[in-house]
>>> print(open('upload_15.txt').read())   # compact mmCIF, C-alpha atoms
# COMPACT_ATOMS: atom_id res chain seq x y z
CA MET A 1 45.55 -24.24 -12.06
CA ARG A 2 46.25 -27.10 -9.66
CA ILE A 3 49.82 -28.14 -8.90
CA GLU A 4 49.37 -31.41 -10.84
CA GLU A 5 48.25 -29.47 -13.91
CA ALA A 6 51.19 -27.08 -13.58
CA ILE A 7 53.65 -29.99 -13.49
CA VAL A 8 52.04 -31.58 -16.56
CA TYR A 9 52.17 -28.23 -18.38
CA VAL A 10 55.86 -27.70 -17.60
CA LEU A 11 56.84 -31.24 -18.62
CA ALA A 12 54.78 -31.12 -21.82
CA SER A 13 56.28 -27.74 -22.73
CA SER A 14 59.84 -28.92 -22.15
CA GLY A 15 59.55 -32.06 -24.26
CA HIS A 16 62.00 -33.95 -22.04
CA GLY A 17 62.40 -35.17 -18.47
CA MET A 18 63.27 -32.69 -15.76
CA LYS A 19 64.49 -32.75 -12.16
CA THR A 20 62.02 -31.77 -9.45
CA GLU A 21 63.93 -28.55 -8.70
CA GLN A 22 63.79 -27.55 -12.37
CA ILE A 23 60.04 -28.17 -12.47
CA ALA A 24 59.52 -26.11 -9.31
CA ARG A 25 61.60 -23.25 -10.71
CA GLU A 26 59.58 -23.19 -13.95
CA ILE A 27 56.27 -23.25 -12.06
CA ASN A 28 57.40 -20.32 -9.90
CA GLU A 29 58.84 -18.30 -12.80
CA ARG A 30 55.70 -18.72 -14.90
CA LYS A 31 53.45 -18.25 -11.85
CA LEU A 32 51.48 -21.37 -12.78
CA PHE A 33 50.64 -22.26 -9.18
CA ILE A 34 50.64 -19.98 -6.16
CA ARG A 35 50.71 -21.58 -2.71
CA LYS A 36 48.88 -20.07 0.23
CA GLY A 37 50.89 -17.23 1.68
CA ASN A 38 52.72 -16.75 -1.65
CA ILE A 39 55.25 -19.42 -0.66
CA PRO A 40 57.19 -20.65 -3.71
CA VAL A 41 56.80 -24.24 -4.84
CA ASP A 42 59.87 -26.34 -4.00
CA GLY A 43 61.28 -29.62 -5.25
CA LYS A 44 59.93 -31.52 -2.25
CA MET A 45 56.37 -30.48 -3.05
CA VAL A 46 56.79 -31.44 -6.70
CA TYR A 47 58.21 -34.82 -5.65
CA ALA A 48 55.28 -35.47 -3.30
CA VAL A 49 52.77 -34.72 -6.06
CA ILE A 50 54.60 -36.89 -8.56
CA MET A 51 54.75 -39.84 -6.17
CA SER A 52 51.01 -39.57 -5.49
CA HIS A 53 50.21 -39.74 -9.24
CA PRO A 54 52.08 -42.80 -10.56
CA ASP A 55 49.63 -43.12 -13.46
CA THR A 56 50.66 -39.69 -14.79
CA PHE A 57 54.36 -39.33 -13.96
CA ALA A 58 57.37 -41.64 -14.20
CA LYS A 59 60.64 -41.18 -12.34
CA SER A 60 63.80 -42.60 -13.85
CA GLU A 61 67.46 -41.66 -13.80
CA GLY A 62 66.71 -38.72 -11.49
CA ARG A 63 64.29 -37.15 -13.94
CA ILE A 64 60.53 -36.88 -14.06
CA ARG A 65 58.67 -37.65 -17.26
CA LEU A 66 55.05 -37.78 -18.35
CA ILE A 67 53.53 -41.18 -18.98
CA ILE A 68 51.93 -41.08 -22.40
>>> encode(input="upload_15.txt", output="structure tokens")
Amino acid sequence: MRIEEAIVYVLASSGHGMKTEQIAREINERKLFIRKGNIPVDGKMVYAVIMSHPDTFAKSEGRIRLII
């Protein structure tokens, strides 16, 4: 699974907006995406992905949501 897909999965499963750190924690706990060297995903990486996909994700009030 790609990181973008993991973020979509976590947000769709939660049913509400989440902070980048919460998304990263869920991805790591569920082992949805493993970085090279087994480095855990962090909030900065999630934020970078979200900002590069404005057609998929919306950021408002400090939370990330899926654009439906």
>>> atom_distance(input="upload_15.txt", atom1="atom CA of Phe57 of chain A", atom2="atom CA of Ile7 of chain A")
9.4 Å
>>> closest_residue(input="upload_15.txt", among="A:Glu29, A:Ile68, A:Ala24, A:Met18", to="Val46 of chain A", atoms="all atoms listed in the file")
A:Ala24
>>> residues_around(input="upload_15.txt", residues="Gly43 of chain A", least_positions_apart="6", cutoff="12 Å", atoms="all atoms listed in the file", output="list of chain:residue names")
A:Ile7, A:Met18, A:Lys19, A:Thr20, A:Glu21, A:Gln22, A:Ile23, A:Ala24, A:Arg25, A:Glu26, A:Ile27, A:Asn28, A:Val49, A:Ile50, A:Arg63, A:Ile64
>>> residues_near_point(input="upload_15.txt", point="(49.6, -25.5, -8.6)", cutoff="7 Å", atoms="all atoms listed in the file", output="PyMOL selection string")
chain A and resi 1-6+32-34
>>> atom_distance(input="upload_15.txt", atom1="atom CA of Pro54 of chain A", atom2="atom CA of Ile67 of chain A")
8.7 Å
>>> atom_distance(input="upload_15.txt", atom1="atom CA of Gly15 of chain A", atom2="atom CA of Lys44 of chain A")
22.0 Å
